[in-house]
$ cat coords29.pdb   # PDB, C-alpha atoms
ATOM      1  CA  MET Y  28       0.197 -11.443  28.578  1.00  0.00           C
ATOM      2  CA  ASN Y  29      -2.382 -13.512  26.727  1.00  0.00           C
ATOM      3  CA  LEU Y  30      -3.543 -11.683  23.638  1.00  0.00           C
ATOM      4  CA  ALA Y  31      -7.241 -11.786  22.782  1.00  0.00           C
ATOM      5  CA  THR Y  32      -8.201 -11.970  19.117  1.00  0.00           C
ATOM      6  CA  SER Y  33      -9.867  -8.568  19.482  1.00  0.00           C
ATOM      7  CA  ASP Y  34      -6.762  -6.862  20.934  1.00  0.00           C
ATOM      8  CA  VAL Y  35      -5.269  -4.230  18.636  1.00  0.00           C
ATOM      9  CA  PRO Y  36      -1.470  -3.901  18.761  1.00  0.00           C
ATOM     10  CA  VAL Y  37      -0.152  -0.409  18.033  1.00  0.00           C
ATOM     11  CA  MET Y  38       3.237   1.233  17.709  1.00  0.00           C
ATOM     12  CA  PRO Y  39       3.600   3.996  20.281  1.00  0.00           C
ATOM     13  CA  ARG Y  40       4.708   7.457  19.251  1.00  0.00           C
ATOM     14  CA  GLY Y  41       8.420   7.530  18.498  1.00  0.00           C
ATOM     15  CA  VAL Y  42       8.582   3.937  17.230  1.00  0.00           C
ATOM     16  CA  ARG Y  43       8.938   3.360  13.502  1.00  0.00           C
ATOM     17  CA  LEU Y  44      10.089   0.918  10.880  1.00  0.00           C
ATOM     18  CA  HIS Y  45      13.190   1.933   9.000  1.00  0.00           C
ATOM     19  CA  GLU Y  46      14.947   0.352   6.042  1.00  0.00           C
ATOM     20  CA  ASP Y  47      18.639   0.001   6.823  1.00  0.00           C
ATOM     21  CA  LYS Y  48      19.934   0.221   3.267  1.00  0.00           C
ATOM     22  CA  VAL Y  49      23.528  -0.133   4.375  1.00  0.00           C
ATOM     23  CA  ARG Y  50      22.918  -3.665   5.662  1.00  0.00           C
ATOM     24  CA  ASN Y  51      19.930  -4.471   3.435  1.00  0.00           C
ATOM     25  CA  ARG Y  52      17.501  -5.181   6.260  1.00  0.00           C
ATOM     26  CA  TRP Y  53      14.658  -3.585   8.187  1.00  0.00           C
ATOM     27  CA  VAL Y  54      15.032  -2.311  11.714  1.00  0.00           C
ATOM     28  CA  LEU Y  55      12.514  -1.144  14.271  1.00  0.00           C
ATOM     29  CA  LEU Y  56      13.711   2.127  15.733  1.00  0.00           C
ATOM     30  CA  ALA Y  57      12.527   3.206  19.170  1.00  0.00           C
ATOM     31  CA  PRO Y  58      13.848   5.797  21.605  1.00  0.00           C
ATOM     32  CA  GLU Y  59      17.267   4.620  22.836  1.00  0.00           C
ATOM     33  CA  ARG Y  60      17.031   1.226  21.153  1.00  0.00           C
ATOM     34  CA  ALA Y  61      16.830  -0.580  17.842  1.00  0.00           C
ATOM     35  CA  ILE Y  62      15.650  -4.059  16.874  1.00  0.00           C
ATOM     36  CA  SER Y  63      16.971  -5.932  13.853  1.00  0.00           C
ATOM     37  CA  LEU Y  64      14.107  -7.636  12.023  1.00  0.00           C
ATOM     38  CA  ASP Y  65      14.043 -10.874  10.092  1.00  0.00           C
ATOM     39  CA  PRO Y  66      11.613 -11.102   7.128  1.00  0.00           C
ATOM     40  CA  VAL Y  67       8.810 -12.617   9.231  1.00  0.00           C
ATOM     41  CA  GLY Y  68       9.199 -10.010  11.974  1.00  0.00           C
ATOM     42  CA  HIS Y  69       9.024  -7.312   9.316  1.00  0.00           C
ATOM     43  CA  ALA Y  70       5.901  -8.903   7.800  1.00  0.00           C
ATOM     44  CA  ILE Y  71       4.195  -8.938  11.215  1.00  0.00           C
ATOM     45  CA  LEU Y  72       4.988  -5.283  11.858  1.00  0.00           C
ATOM     46  CA  LEU Y  73       3.678  -4.279   8.432  1.00  0.00           C
ATOM     47  CA  GLU Y  74       0.285  -5.620   9.540  1.00  0.00           C
ATOM     48  CA  ILE Y  75       0.339  -3.571  12.750  1.00  0.00           C
ATOM     49  CA  ASP Y  76      -1.385  -0.439  11.511  1.00  0.00           C
ATOM     50  CA  GLY Y  77      -3.210   0.560  14.683  1.00  0.00           C
ATOM     51  CA  SER Y  78      -6.574  -0.694  13.473  1.00  0.00           C
ATOM     52  CA  GLN Y  79      -6.128  -4.378  12.672  1.00  0.00           C
ATOM     53  CA  SER Y  80      -6.764  -6.768  15.562  1.00  0.00           C
ATOM     54  CA  PHE Y  81      -4.474  -9.596  16.641  1.00  0.00           C
ATOM     55  CA  GLY Y  82      -6.948 -12.100  15.163  1.00  0.00           C
ATOM     56  CA  GLY Y  83      -7.028 -10.230  11.864  1.00  0.00           C
ATOM     57  CA  ILE Y  84      -3.240 -10.077  11.701  1.00  0.00           C
ATOM     58  CA  VAL Y  85      -2.978 -13.830  12.303  1.00  0.00           C
ATOM     59  CA  SER Y  86      -5.570 -14.585   9.600  1.00  0.00           C
ATOM     60  CA  THR Y  87      -3.828 -12.326   7.098  1.00  0.00           C
ATOM     61  CA  LEU Y  88      -0.430 -13.883   7.749  1.00  0.00           C
ATOM     62  CA  ALA Y  89      -1.844 -17.429   7.667  1.00  0.00           C
ATOM     63  CA  GLY Y  90      -3.187 -16.711   4.188  1.00  0.00           C
ATOM     64  CA  LYS Y  91       0.015 -15.057   3.044  1.00  0.00           C
ATOM     65  CA  TYR Y  92       2.328 -17.800   4.322  1.00  0.00           C
ATOM     66  CA  ASN Y  93      -0.016 -20.752   3.866  1.00  0.00           C
ATOM     67  CA  ALA Y  94       0.804 -21.931   7.397  1.00  0.00           C
ATOM     68  CA  PRO Y  95      -1.400 -23.211  10.267  1.00  0.00           C
ATOM     69  CA  GLU Y  96      -3.166 -20.401  12.123  1.00  0.00           C
ATOM     70  CA  ASP Y  97      -2.429 -21.842  15.567  1.00  0.00           C
ATOM     71  CA  GLN Y  98       1.311 -21.887  14.882  1.00  0.00           C
ATOM     72  CA  ILE Y  99       1.225 -18.337  13.534  1.00  0.00           C
ATOM     73  CA  ALA Y 100      -0.912 -17.147  16.459  1.00  0.00           C
ATOM     74  CA  ALA Y 101       1.575 -18.578  18.968  1.00  0.00           C
ATOM     75  CA  ASP Y 102       4.618 -17.105  17.208  1.00  0.00           C
ATOM     76  CA  VAL Y 103       3.025 -13.693  16.632  1.00  0.00           C
ATOM     77  CA  ALA Y 104       1.823 -13.527  20.254  1.00  0.00           C
ATOM     78  CA  GLU Y 105       5.325 -14.302  21.510  1.00  0.00           C
ATOM     79  CA  PHE Y 106       6.801 -11.691  19.149  1.00  0.00           C
ATOM     80  CA  ILE Y 107       4.307  -9.011  20.214  1.00  0.00           C
ATOM     81  CA  ASN Y 108       4.777  -9.836  23.892  1.00  0.00           C
ATOM     82  CA  GLY Y 109       8.550  -9.582  23.480  1.00  0.00           C
ATOM     83  CA  LEU Y 110       8.191  -6.108  21.989  1.00  0.00           C
ATOM     84  CA  MET Y 111       5.674  -5.091  24.674  1.00  0.00           C
ATOM     85  CA  ASP Y 112       8.156  -6.162  27.355  1.00  0.00           C
ATOM     86  CA  ARG Y 113      10.595  -3.707  25.762  1.00  0.00           C
ATOM     87  CA  CYS Y 114       7.908  -0.963  25.615  1.00  0.00           C
ATOM     88  CA  ILE Y 115       8.156  -0.936  21.805  1.00  0.00           C
ATOM     89  CA  LEU Y 116       4.553  -2.023  21.220  1.00  0.00           C
ATOM     90  CA  LYS Y 117       1.374  -1.602  23.184  1.00  0.00           C
ATOM     91  CA  VAL Y 118      -2.033  -3.209  22.894  1.00  0.00           C
ATOM     92  CA  LEU Y 119      -5.445  -1.580  22.899  1.00  0.00           C
ATOM     93  CA  ALA Y 120      -8.026  -3.964  24.350  1.00  0.00           C
TER
ATOM     94  CA  MET J  26       8.432 -17.356   1.570  1.00  0.00           C
ATOM     95  CA  ALA J  27       8.037 -19.895   4.370  1.00  0.00           C
ATOM     96  CA  TRP J  28       6.886 -19.030   7.858  1.00  0.00           C
ATOM     97  CA  THR J  29       9.658 -19.118  10.444  1.00  0.00           C
ATOM     98  CA  LYS J  30       9.499 -18.123  14.077  1.00  0.00           C
ATOM     99  CA  PRO J  31      10.430 -14.419  14.225  1.00  0.00           C
ATOM    100  CA  ILE J  32      13.435 -13.500  16.344  1.00  0.00           C
ATOM    101  CA  ILE J  33      13.782 -10.216  18.233  1.00  0.00           C
ATOM    102  CA  ARG J  34      17.439  -9.228  18.003  1.00  0.00           C
ATOM    103  CA  GLU J  35      18.218  -6.083  19.880  1.00  0.00           C
ATOM    104  CA  ILE J  36      21.042  -4.027  18.379  1.00  0.00           C
ATOM    105  CA  GLU J  37      23.439  -3.183  21.163  1.00  0.00           C
ATOM    106  CA  CYS J  38      24.912   0.297  21.226  1.00  0.00           C
TER
END
$ encode --input "coords29.pdb" --output "C-alpha coordinates"
Amino acid sequence: MNLATSDVPVMPRGVRLHEDKVRNRWVLLAPERAISLDPVGHAILLEIDGSQSFGGIVSTLAGKYNAPEDQIAADVAEFINGLMDRCILKVLA
Amino acid sequence: MAWTKPIIREIEC
(Lines of atoms letter the chains of each structure in order from A and count residues from 1; the text may use other names and numbers.)
(Lines give C-alpha, C1' and ligand atoms only; values in the text may rest on other atoms or scores of the structure.)
Protein backbone atom coordinates (compact mmCIF):
# COMPACT_ATOMS: atom_id res chain seq x y z
CA MET A 1 0.00 0.00 0.00
CA ASN A 2 1.29 3.46 -0.86
CA LEU A 3 1.16 5.69 2.17
CA ALA A 4 0.01 9.28 1.70
CA THR A 5 1.70 11.96 3.79
CA SER A 6 -1.65 12.64 5.45
CA ASP A 7 -2.23 9.00 6.47
CA VAL A 8 -2.16 8.45 10.23
CA PRO A 9 -0.73 5.10 11.38
CA VAL A 10 -2.19 3.78 14.63
CA MET A 11 -1.63 0.79 16.88
CA PRO A 12 -4.81 -1.26 17.15
CA ARG A 13 -6.19 -2.25 20.52
CA GLY A 14 -4.14 -5.04 22.06
CA VAL A 15 -0.84 -3.96 20.48
CA ARG A 16 1.76 -2.30 22.68
CA LEU A 17 5.43 -1.57 23.06
CA HIS A 18 7.15 -3.43 25.85
CA GLU A 19 10.67 -3.19 27.21
CA ASP A 20 12.17 -6.67 27.42
CA LYS A 21 14.55 -6.02 30.30
CA VAL A 22 15.83 -9.58 30.26
CA ARG A 23 17.34 -9.13 26.79
CA ASN A 24 17.76 -5.34 26.95
CA ARG A 25 15.61 -4.57 23.92
CA TRP A 26 12.15 -3.38 22.97
CA VAL A 27 9.50 -5.67 21.58
CA LEU A 28 6.14 -5.00 19.99
CA LEU A 29 3.58 -7.28 21.59
CA ALA A 30 0.41 -8.17 19.70
CA PRO A 31 -2.14 -10.93 20.20
CA GLU A 32 -0.42 -14.26 19.46
CA ARG A 33 2.78 -12.67 18.19
CA ALA A 34 5.76 -10.54 19.12
CA ILE A 35 8.20 -8.49 17.06
CA SER A 36 11.77 -7.80 18.15
CA LEU A 37 12.66 -4.17 17.44
CA ASP A 38 15.97 -2.62 16.49
CA PRO A 39 16.63 0.96 17.69
CA VAL A 40 15.28 2.54 14.49
CA GLY A 41 12.13 0.42 14.54
CA HIS A 42 11.59 1.45 18.15
CA ALA A 43 12.12 5.13 17.25
CA ILE A 44 9.51 4.88 14.47
CA LEU A 45 6.94 3.29 16.78
CA LEU A 46 7.51 5.95 19.43
CA GLU A 47 6.30 8.50 16.86
CA ILE A 48 3.14 6.52 16.13
CA ASP A 49 0.82 8.09 18.67
CA GLY A 50 -2.44 7.89 16.75
CA SER A 51 -2.43 11.56 15.81
CA GLN A 52 0.80 12.18 13.92
CA SER A 53 0.63 11.67 10.16
CA PHE A 54 3.07 9.64 8.08
CA GLY A 55 4.52 12.89 6.69
CA GLY A 56 4.96 14.31 10.18
CA ILE A 57 6.66 11.14 11.40
CA VAL A 58 9.10 11.23 8.47
CA SER A 59 9.92 14.91 9.09
CA THR A 60 10.49 14.31 12.79
CA LEU A 61 12.77 11.35 12.17
CA ALA A 62 14.67 13.17 9.41
CA GLY A 63 15.45 15.93 11.89
CA LYS A 64 16.37 13.51 14.65
CA TYR A 65 18.66 11.35 12.50
CA ASN A 66 19.92 14.06 10.15
CA ALA A 67 19.20 11.79 7.18
CA PRO A 68 17.53 12.43 3.78
CA GLU A 69 13.74 12.55 4.00
CA ASP A 70 13.22 10.43 0.88
CA GLN A 71 15.32 7.60 2.30
CA ILE A 72 13.52 7.77 5.64
CA ALA A 73 10.11 7.93 3.93
CA ALA A 74 10.89 4.80 1.91
CA ASP A 75 12.19 2.85 4.91
CA VAL A 76 9.38 3.94 7.23
CA ALA A 77 6.74 3.12 4.59
CA GLU A 78 8.20 -0.36 4.14
CA PHE A 79 8.31 -0.86 7.92
CA ILE A 80 4.71 0.29 8.40
CA ASN A 81 3.50 -1.81 5.47
CA GLY A 82 5.27 -4.86 6.92
CA LEU A 83 3.47 -4.37 10.23
CA MET A 84 0.14 -3.74 8.46
CA ASP A 85 0.57 -7.02 6.57
CA ARG A 86 0.81 -8.69 9.98
CA CYS A 87 -2.26 -6.78 11.27
CA ILE A 88 -0.09 -5.09 13.92
CA LEU A 89 -0.65 -1.56 12.61
CA LYS A 90 -3.46 0.09 10.74
CA VAL A 91 -3.72 3.40 8.93
CA LEU A 92 -6.42 6.03 9.15
CA ALA A 93 -6.71 7.89 5.84
CA MET B 1 22.62 7.47 16.27
CA ALA B 2 22.70 6.82 12.53
CA TRP B 3 19.67 5.91 10.48
CA THR B 4 19.59 2.27 9.40
CA LYS B 5 16.84 0.43 7.60
CA PRO B 6 14.57 -1.04 10.31
CA ILE B 7 14.13 -4.80 10.31
CA ILE B 8 10.95 -6.58 11.40
CA ARG B 9 12.04 -9.74 13.20
CA GLU B 10 9.16 -11.85 14.31
CA ILE B 11 9.81 -13.83 17.49
CA GLU B 12 8.79 -17.40 16.83
CA CYS B 13 6.98 -19.25 19.58
$ interface_residues --input "coords29.pdb" --of "chain Y" --to "chain J" --cutoff "6 Å" --atoms "all atoms listed in the file" --output "PyMOL selection string"
chain Y and resi 61-63+67-68+92+102
$ resolve_selection --input "coords29.pdb" --expression "the PyMOL selection byres ((chain Y and resi 72-85) around 9)" --output "number ranges by chain"
Y: 30-38, 44, 55, 67-71, 86-90, 96-97, 99-100, 103-104, 119
$ closest_residue --input "coords29.pdb" --among "Y:Lys91, Y:Asn29, Y:Asn108, Y:Gly41" --to "Ala57 of chain Y" --atoms "only C-alpha atoms"
Y:Gly41
$ atom_distance --input "coords29.pdb" --atom1 "atom CA of Gly109 of chain Y" --atom2 "atom CA of Leu64 of chain Y"
12.9 Å
$ atom_distance --input "coords29.pdb" --atom1 "atom CA of Cys114 of chain Y" --atom2 "atom CA of Val49 of chain Y"
26.4 Å
$ atom_distance --input "coords29.pdb" --atom1 "atom CA of Arg40 of chain Y" --atom2 "atom CA of Arg52 of chain Y"
22.2 Å
